[in-house]
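Trainee: The file below is target-v9.csv, CSV, C-alpha atoms:
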```csv
chain,number,residue,atom,x,y,z
A,1,MET,CA,162.4,126.4,-78.4
A,2,LYS,CA,164.8,127.7,-75.7
A,3,LEU,CA,163.9,131.2,-74.4
A,4,PRO,CA,166.5,133.9,-74.0
A,5,ASN,CA,168.2,134.2,-70.6
A,6,GLY,CA,166.3,136.4,-68.2
A,7,TYR,CA,163.1,136.1,-70.4
A,8,GLY,CA,161.2,133.9,-68.0
A,9,SER,CA,159.6,130.5,-68.5
A,10,VAL,CA,156.4,128.6,-68.9
A,11,VAL,CA,155.8,125.4,-66.9
A,12,ARG,CA,153.1,122.9,-66.7
A,13,LEU,CA,151.9,122.2,-63.2
A,14,GLY,CA,151.0,118.8,-61.9
A,15,GLY,CA,147.6,117.6,-60.9
A,16,LYS,CA,144.2,118.3,-62.4
A,17,ARG,CA,143.9,122.0,-62.9
A,18,ARG,CA,141.6,124.2,-64.9
A,19,LYS,CA,144.6,126.4,-65.7
A,20,PRO,CA,147.7,124.0,-65.7
A,21,TYR,CA,150.2,126.4,-67.4
A,22,ALA,CA,152.1,129.0,-65.4
A,23,ALA,CA,154.2,131.9,-66.7
A,24,ARG,CA,156.9,133.0,-64.3
A,25,ILE,CA,159.9,135.3,-64.2
A,26,THR,CA,163.1,135.7,-62.2
A,27,THR,CA,162.8,138.6,-59.8
A,28,SER,CA,166.2,138.2,-57.9
A,29,TRP,CA,169.0,135.9,-57.0
A,30,THR,CA,170.0,134.4,-53.7
A,31,GLU,CA,173.5,134.7,-52.3
A,32,ASP,CA,174.2,131.1,-53.3
A,33,GLY,CA,173.2,131.9,-56.9
A,34,LYS,CA,169.7,130.5,-57.0
A,35,GLN,CA,166.9,132.2,-58.8
A,36,GLU,CA,163.9,133.7,-56.9
A,37,LYS,CA,160.8,133.5,-59.2
A,38,LYS,CA,157.3,134.9,-59.2
A,39,TYR,CA,154.4,133.8,-61.2
A,40,LEU,CA,152.7,136.2,-63.7
A,41,GLY,CA,149.6,134.1,-63.8
A,42,TYR,CA,148.0,130.7,-64.6
A,43,PHE,CA,146.5,129.8,-68.0
A,44,LYS,CA,144.5,127.1,-69.8
A,45,THR,CA,147.0,126.7,-72.7
A,46,ARG,CA,150.7,127.0,-73.2
A,47,GLN,CA,150.0,129.6,-75.9
A,48,GLU,CA,148.2,131.9,-73.5
A,49,ALA,CA,151.0,131.6,-71.0
A,50,MET,CA,153.6,132.4,-73.6
A,51,LYS,CA,151.6,135.5,-74.7
A,52,ALA,CA,151.5,136.7,-71.1
A,53,LEU,CA,155.2,136.2,-70.8
A,54,ALA,CA,155.8,138.1,-74.1
A,55,ASP,CA,153.5,140.9,-73.0
A,56,TYR,CA,155.4,141.2,-69.7
A,57,ASN,CA,158.8,141.4,-71.5
A,58,GLU,CA,157.5,144.0,-73.9
A,59,ASN,CA,156.0,146.1,-71.0
A,60,PRO,CA,157.4,145.0,-67.6
A,61,PHE,CA,155.2,145.9,-64.7
A,62,ASP,CA,155.3,145.8,-60.9
A,63,LEU,CA,154.1,142.4,-59.8
A,64,ALA,CA,152.7,143.8,-56.6
A,65,SER,CA,150.3,146.0,-58.5
A,66,ARG,CA,148.9,142.8,-60.1
A,67,GLU,CA,147.5,141.8,-56.7
A,68,ILE,CA,145.3,144.9,-56.3
A,69,THR,CA,141.7,143.8,-56.5
A,70,PHE,CA,138.8,145.7,-58.1
A,71,ALA,CA,137.6,146.7,-54.6
A,72,ASP,CA,141.1,147.9,-53.6
A,73,LEU,CA,141.4,150.1,-56.6
A,74,PHE,CA,137.9,151.5,-56.1
A,75,GLU,CA,138.9,152.6,-52.6
A,76,ARG,CA,142.1,154.3,-53.9
A,77,TRP,CA,140.3,155.9,-56.9
A,78,GLN,CA,137.5,157.4,-54.9
A,79,LYS,CA,139.9,158.9,-52.3
A,80,VAL,CA,141.7,160.7,-55.2
A,81,LYS,CA,138.7,161.6,-57.3
A,82,TYR,CA,136.3,162.6,-54.4
A,83,LYS,CA,138.7,163.5,-51.7
A,84,GLU,CA,137.0,166.9,-51.1
A,85,LYS,CA,133.4,165.9,-51.9
A,86,GLU,CA,130.9,163.1,-51.6
A,87,ILE,CA,130.9,160.5,-54.3
A,88,PRO,CA,127.6,160.7,-56.3
A,89,ALA,CA,124.9,158.3,-55.3
A,90,GLU,CA,124.5,156.9,-58.8
A,91,TYR,CA,128.2,155.8,-58.7
A,92,VAL,CA,127.7,154.2,-55.3
A,93,SER,CA,124.8,152.3,-56.7
A,94,ALA,CA,126.8,151.3,-59.8
A,95,TYR,CA,129.7,150.1,-57.6
A,96,LYS,CA,127.3,147.9,-55.6
A,97,LYS,CA,126.2,146.2,-58.8
A,98,LEU,CA,129.8,145.3,-59.6
A,99,ALA,CA,130.1,143.1,-56.6
A,100,PRO,CA,131.0,140.0,-58.7
A,101,LEU,CA,134.3,141.7,-59.6
A,102,TYR,CA,135.3,142.9,-56.1
A,103,ASP,CA,137.9,140.2,-55.4
A,104,THR,CA,139.2,140.0,-59.0
A,105,PRO,CA,142.7,141.4,-59.5
A,106,PHE,CA,142.1,144.6,-61.4
A,107,ALA,CA,144.9,143.8,-63.9
A,108,GLU,CA,143.0,140.6,-64.9
A,109,ILE,CA,139.7,142.4,-65.7
A,110,ARG,CA,138.8,142.5,-69.3
A,111,LYS,CA,135.8,143.7,-71.3
A,112,ARG,CA,134.0,140.4,-71.0
A,113,HIS,CA,134.0,140.6,-67.2
A,114,ILE,CA,132.3,144.0,-67.1
A,115,GLN,CA,130.1,143.1,-70.1
A,116,ASN,CA,128.8,140.0,-68.3
A,117,VAL,CA,127.8,142.0,-65.2
A,118,ILE,CA,125.9,144.6,-67.4
A,119,ASP,CA,124.2,142.0,-69.6
A,120,ASN,CA,122.9,140.1,-66.6
A,121,LEU,CA,121.4,143.1,-64.7
A,122,ASN,CA,117.7,143.8,-64.9
A,123,VAL,CA,118.1,147.6,-64.7
A,124,GLY,CA,117.6,150.5,-67.1
A,125,HIS,CA,119.9,152.0,-69.7
A,126,SER,CA,120.9,154.8,-67.3
A,127,SER,CA,122.0,152.4,-64.6
A,128,LYS,CA,124.1,150.4,-67.0
A,129,ASN,CA,125.6,153.6,-68.4
A,130,HIS,CA,126.7,154.5,-64.8
A,131,ILE,CA,128.4,151.1,-64.4
A,132,LYS,CA,130.3,151.6,-67.6
A,133,SER,CA,131.2,155.2,-66.6
A,134,ILE,CA,132.6,154.2,-63.2
A,135,CYS,CA,134.6,151.3,-64.7
A,136,THR,CA,136.0,153.6,-67.4
A,137,MET,CA,137.2,156.2,-64.8
A,138,MET,CA,138.7,153.5,-62.7
A,139,PHE,CA,140.6,152.1,-65.7
A,140,LYS,CA,141.9,155.6,-66.5
A,141,TYR,CA,143.2,155.8,-63.0
A,142,ALA,CA,144.7,152.4,-63.2
A,143,ILE,CA,146.6,153.3,-66.4
A,144,ASP,CA,147.9,156.4,-64.7
A,145,GLN,CA,149.1,154.3,-61.8
A,146,GLU,CA,150.7,151.9,-64.4
A,147,ILE,CA,148.6,148.9,-63.2
A,148,VAL,CA,147.2,148.3,-66.6
A,149,THR,CA,147.8,149.6,-70.1
A,150,THR,CA,144.4,149.3,-71.8
A,151,ASN,CA,141.1,150.8,-70.9
A,152,PHE,CA,138.9,147.7,-71.5
A,153,ALA,CA,135.8,149.4,-69.9
A,154,SER,CA,135.7,151.8,-72.9
A,155,LEU,CA,135.0,148.8,-75.1
A,156,VAL,CA,132.0,147.7,-73.2
A,157,GLU,CA,128.8,147.8,-75.3
A,158,LEU,CA,125.5,149.1,-73.9
A,159,PRO,CA,122.2,147.9,-75.1
A,160,ALA,CA,120.4,150.2,-77.6
A,161,LYS,CA,118.5,153.0,-75.8
A,162,GLU,CA,115.0,152.1,-76.7
A,163,GLN,CA,112.2,154.7,-76.7
A,164,SER,CA,111.0,154.3,-73.2
A,165,GLU,CA,107.5,153.3,-72.5
A,166,ILE,CA,108.2,153.1,-68.8
A,167,HIS,CA,107.4,156.7,-68.0
A,168,LYS,CA,103.7,157.7,-68.3
A,169,PRO,CA,102.4,161.2,-67.5
A,170,PHE,CA,99.9,161.6,-64.7
A,171,THR,CA,96.4,162.0,-66.1
A,172,PRO,CA,94.2,165.0,-65.2
A,173,GLU,CA,92.2,162.7,-62.9
A,174,GLU,CA,95.3,161.4,-61.1
A,175,LEU,CA,96.6,165.0,-60.7
A,176,GLN,CA,93.2,165.9,-59.1
A,177,ILE,CA,93.7,163.1,-56.6
A,178,LEU,CA,97.2,164.4,-55.8
A,179,TRP,CA,95.8,168.0,-55.3
A,180,GLN,CA,93.3,166.6,-52.8
A,181,ASN,CA,96.1,165.1,-50.7
A,182,THR,CA,98.7,167.9,-50.4
A,183,ASP,CA,99.2,167.3,-46.7
A,184,ASP,CA,101.3,164.3,-47.7
A,185,PHE,CA,105.1,165.0,-48.1
A,186,THR,CA,105.6,162.6,-51.1
A,187,VAL,CA,102.6,163.9,-52.9
A,188,LYS,CA,104.0,167.4,-52.6
A,189,ILE,CA,107.2,166.2,-54.1
A,190,ALA,CA,105.3,164.6,-57.0
A,191,LEU,CA,103.4,167.8,-57.7
A,192,ILE,CA,106.6,169.9,-57.6
A,193,LEU,CA,108.1,167.5,-60.2
A,194,CYS,CA,104.9,167.7,-62.3
A,195,TYR,CA,104.9,171.5,-62.3
A,196,THR,CA,108.7,172.2,-62.7
A,197,GLY,CA,109.8,169.5,-65.1
A,198,LEU,CA,112.7,168.8,-62.7
A,199,ARG,CA,114.3,165.4,-62.7
A,200,PRO,CA,113.9,163.8,-59.3
A,201,ILE,CA,117.7,164.0,-58.6
A,202,GLU,CA,117.7,167.6,-59.6
A,203,LEU,CA,115.1,168.4,-57.0
A,204,LEU,CA,116.8,166.4,-54.3
A,205,LYS,CA,120.1,168.2,-55.0
A,206,MET,CA,118.5,171.7,-55.1
A,207,LYS,CA,120.2,174.0,-52.7
A,208,ASN,CA,118.4,176.7,-50.7
A,209,SER,CA,121.0,179.2,-52.0
A,210,ASP,CA,119.6,178.6,-55.5
A,211,VAL,CA,116.0,179.1,-54.5
A,212,HIS,CA,114.7,182.7,-55.1
A,213,LEU,CA,111.2,182.8,-53.6
A,214,ALA,CA,110.5,186.5,-54.2
A,215,GLU,CA,111.5,186.2,-57.8
A,216,LYS,CA,109.6,182.8,-58.2
A,217,TYR,CA,112.4,180.8,-59.7
A,218,MET,CA,115.2,178.3,-58.8
A,219,ARG,CA,118.5,177.6,-60.5
A,220,GLY,CA,119.7,174.0,-60.9
A,221,GLY,CA,119.9,171.0,-63.2
A,222,VAL,CA,122.2,168.2,-64.1
A,223,LYS,CA,123.1,165.9,-66.9
A,224,THR,CA,123.5,168.0,-70.0
A,225,SER,CA,125.1,171.4,-70.8
A,226,ALA,CA,121.7,172.7,-71.7
A,227,GLY,CA,120.2,171.4,-68.4
A,228,LYS,CA,122.8,172.6,-66.0
A,229,ASN,CA,122.4,175.8,-64.1
A,230,ARG,CA,119.1,176.6,-65.8
A,231,VAL,CA,116.3,178.7,-64.5
A,232,ILE,CA,113.3,176.7,-63.2
A,233,PRO,CA,110.3,178.9,-62.8
A,234,ILE,CA,108.1,178.3,-59.7
A,235,ALA,CA,104.4,178.0,-60.6
A,236,GLU,CA,101.9,179.7,-58.3
A,237,LYS,CA,100.3,176.3,-57.6
A,238,ILE,CA,103.4,174.9,-56.0
A,239,LEU,CA,104.9,178.1,-54.5
A,240,PRO,CA,103.4,177.3,-51.0
A,241,PHE,CA,105.2,173.9,-51.1
A,242,ILE,CA,108.6,175.4,-52.0
A,243,SER,CA,108.1,178.2,-49.4
A,244,GLU,CA,107.3,175.6,-46.7
A,245,MET,CA,110.4,173.5,-47.5
A,246,TYR,CA,112.7,176.6,-47.8
A,247,ASN,CA,115.0,177.1,-44.9
A,248,PRO,CA,118.2,179.1,-45.5
A,249,GLU,CA,119.8,177.4,-42.5
A,250,ASN,CA,119.8,174.1,-44.4
A,251,ASN,CA,122.0,173.4,-47.4
A,252,PHE,CA,119.4,171.5,-49.4
A,253,LEU,CA,115.8,172.4,-50.1
A,254,VAL,CA,114.4,168.9,-49.6
A,255,ILE,CA,115.1,167.7,-46.0
A,256,GLN,CA,113.6,164.9,-43.9
A,257,ASN,CA,114.7,164.2,-40.3
A,258,GLY,CA,117.3,166.9,-40.7
A,259,LYS,CA,119.1,165.2,-43.6
A,260,PRO,CA,119.0,165.5,-47.4
A,261,ILE,CA,117.5,162.5,-49.2
A,262,VAL,CA,119.4,160.5,-51.8
A,263,TYR,CA,117.4,159.3,-54.8
A,264,GLN,CA,117.4,155.5,-54.1
A,265,ASN,CA,116.2,156.2,-50.5
A,266,PHE,CA,113.5,158.5,-51.8
A,267,LEU,CA,112.4,155.9,-54.3
A,268,GLN,CA,112.3,152.9,-51.9
A,269,LYS,CA,111.3,154.6,-48.6
A,270,TYR,CA,108.9,157.3,-49.8
A,271,TRP,CA,107.7,156.9,-53.3
A,272,ARG,CA,107.1,153.1,-53.6
A,273,LYS,CA,105.5,152.9,-50.1
A,274,ASN,CA,103.2,155.9,-50.5
A,275,GLU,CA,99.5,154.8,-50.2
A,276,ILE,CA,98.2,157.7,-52.3
A,277,LEU,CA,100.5,157.0,-55.2
A,278,ASN,CA,99.8,153.3,-55.0
A,279,SER,CA,96.1,153.9,-55.2
A,280,LEU,CA,96.3,155.6,-58.6
A,281,PRO,CA,95.3,153.6,-61.7
A,282,THR,CA,98.8,153.8,-63.1
A,283,LYS,CA,101.9,152.8,-61.2
A,284,HIS,CA,104.1,155.9,-61.6
A,285,LEU,CA,107.8,156.5,-61.2
A,286,PRO,CA,109.3,159.8,-59.9
A,287,HIS,CA,110.6,160.7,-63.4
A,288,ASP,CA,106.9,160.7,-64.7
A,289,GLY,CA,106.6,164.1,-63.2
A,290,ARG,CA,109.0,165.5,-65.8
A,291,HIS,CA,106.9,163.9,-68.6
A,292,THR,CA,103.8,165.3,-67.0
A,293,CYS,CA,105.2,168.8,-67.1
A,294,ALA,CA,106.2,168.4,-70.8
A,295,THR,CA,102.7,167.1,-71.6
A,296,LEU,CA,100.9,169.9,-69.7
A,297,MET,CA,103.0,172.6,-71.4
A,298,ASP,CA,102.3,171.1,-74.8
A,299,ASP,CA,98.6,171.0,-74.0
A,300,ALA,CA,98.7,174.6,-72.9
A,301,GLU,CA,100.5,175.5,-76.2
A,302,VAL,CA,103.6,176.9,-74.5
A,303,PRO,CA,106.1,177.8,-77.3
A,304,LEU,CA,108.7,175.2,-78.0
A,305,LYS,CA,111.7,177.3,-77.2
A,306,ILE,CA,110.2,178.2,-73.8
A,307,ARG,CA,109.5,174.5,-73.1
A,308,GLN,CA,113.1,173.7,-74.0
A,309,LEU,CA,114.4,176.3,-71.6
A,310,ILE,CA,112.3,175.1,-68.7
A,311,LEU,CA,113.1,171.4,-69.3
A,312,GLY,CA,116.8,172.0,-70.1
A,313,HIS,CA,116.5,170.4,-73.6
A,314,SER,CA,119.2,171.3,-76.1
A,315,SER,CA,118.2,173.3,-79.2
A,316,LYS,CA,120.2,174.5,-82.2
A,317,ASP,CA,118.4,177.8,-82.0
A,318,ILE,CA,119.3,178.4,-78.3
A,319,THR,CA,123.1,178.8,-78.5
A,320,ASN,CA,123.5,181.3,-75.7
A,321,ARG,CA,121.2,180.8,-72.7
A,322,VAL,CA,121.2,184.3,-71.2
A,323,TYR,CA,118.4,184.6,-68.7
A,324,THR,CA,117.3,188.2,-68.7
A,325,HIS,CA,114.6,189.5,-66.4
A,326,LYS,CA,112.3,189.4,-69.4
A,327,THR,CA,113.2,185.8,-70.2
A,328,ILE,CA,112.7,184.7,-66.6
A,329,GLN,CA,109.2,186.3,-66.5
A,330,GLN,CA,108.3,184.6,-69.8
A,331,LEU,CA,109.2,181.2,-68.1
A,332,ILE,CA,107.1,182.1,-65.0
A,333,ASP,CA,104.2,183.1,-67.2
A,334,ALA,CA,104.5,179.9,-69.2
A,335,ILE,CA,104.6,177.6,-66.2
A,336,ASN,CA,101.5,179.3,-64.8
A,337,ARG,CA,99.6,178.3,-67.9
A,338,ILE,CA,99.5,174.7,-66.9
```
Write out the structure in this file as structure tokens.
Mentor:
Amino acid sequence: MKLPNGYGSVVRLGGKRRKPYAARITTSWTEDGKQEKKYLGYFKTRQEAMKALADYNENPFDLASREITFADLFERWQKVKYKEKEIPAEYVSAYKKLAPLYDTPFAEIRKRHIQNVIDNLNVGHSSKNHIKSICTMMFKYAIDQEIVTTNFASLVELPAKEQSEIHKPFTPEELQILWQNTDDFTVKIALILCYTGLRPIELLKMKNSDVHLAEKYMRGGVKTSAGKNRVIPIAEKILPFISEMYNPENNFLVIQNGKPIVYQNFLQKYWRKNEILNSLPTKHLPHDGRHTCATLMDDAEVPLKIRQLILGHSSKDITNRVYTHKTIQQLIDAINRI
């Protein structure tokens, strides 16, 4: 079947090729009337090449944009998205895991490419979710830049979020060992996590401006609307640790060698290499501190609503989180019960 003039063409290339069919279009004419052509892509079958040609004629695009790789687009996207602030560490980590796609033209990436990366990673649900999130944002940017028309990342399927058995609270015996070694920096961090219910990343991102030592509380939190900007009471047991770390001249509360610590660095350099933590009967993760706090409050019969406020859990009964002086004191009294 003859194609319309100016529509483009599909040709079969010579030799043994995995994708022998090429779709091409005329981009201009020379002075002597010859066509100058460019290839849209290479395909396994004639039908695939014809579809690509049809898609192009329905929605013409700039061929130069088709050469932008995944890595190229990431550089452009982050300069726009995070031009005035640092890109979150979890997105940096997610991008590193997408290395198999770095050299792939972004316009050629489909759901299956991202899905294959996620399915073959031995990481937790949260890490896989960060990978999907960063790809989704990059696709939105690519659509805005008219590089693609469909957000294939939004179609990626994550594995079911199973009830985690990874995180185990510190036992009373293990907590006693920690309390016997409070001269150790990492042990102090572990105890702060156990007696605040903070997520590790929430503690590492805590700013000194949000620490109120005299009033014995901090403000912080990430992840959910219920968890953000919540009041975190400081128990008497860990007040000396917070006081020792507090320095209004620094931006962040937790500082080592004059610099804040990103989570992956803390996990690898400090937590996993700590002799005291490694000597415990159970191999704990930093997030176990949050589970420990929840368990300790439950054992101390702290009221559910107070526990939800401290941990930043959502509740249908807590629609307006107004922290009055009375409420803050209730949180401090509760955390001192554990």
Trainee: Could you check how far atom CA of Pro286 of chain A sits from atom CA of Ile192 of chain A, in Å to one decimal?
Mentor: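 So the answer is 10.7 Å.
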Trainee: Find the residues near segment 70-87 of chain A: any atom within 6 Å, counting only C-alpha atoms, skip ones fewer than 6 places away on the same chain, and give them as a ChimeraX atom specification.
Mentor: /A:102,104-106
Trainee: Extract, using only C-alpha atoms, all DNA, RNA and protein residues at most 8 Å from Lys168 of chain A, discarding same-chain residues fewer than 4 positions from it, and format them as a PyMOL selection string.
Mentor: chain A and resi 284+288+291-292
Trainee: Using only C-alpha atoms, which residues sit within 8 Å of Leu309 of chain A once same-chain residues fewer than 5 positions away are excluded, as a PyMOL selection string?
Mentor: chain A and resi 230-231+331
Trainee: Taking (126.7, 145.9, -56.4) as a centre in this file's frame and 12 Å as the limit, can you find every polymer residue with an atom that close, using all atoms listed in the file, and give them as a ChimeraX atom specification?
Mentor: /A:71,90-102,117-118,121,127-128,131
Trainee: One number please: atom CA of Leu191 of chain A to atom CA of Leu175 of chain A, in Å, one decimal.
Mentor: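 A separation of 7.9 Å between them.
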Trainee: Separation of atom CA of Thr182 of chain A and atom CA of Trp271 of chain A, in Å?
Mentor: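 Separating atom CA of Thr182 of chain A from atom CA of Trp271 of chain A is a distance of 14.5 Å.
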Trainee: Mind checking which residues fall within 6 Å of Asn208 of chain A, counting only C-alpha atoms, ignoring those fewer than 5 positions away in the same chain, and posting them as a list in words?
Mentor: Pro248, Asn251, Phe252 and Leu253 of chain A
Trainee: Here is a test: counting all atoms listed in the file, which residue of A:Lys140, A:His113, A:Lys188, A:Arg18 is nearest to Asn274 of chain A?
Mentor: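 Going through A:Lys140, A:His113, A:Lys188, A:Arg18 one by one, the smallest distance to Asn274 of chain A is for A:Lys188.
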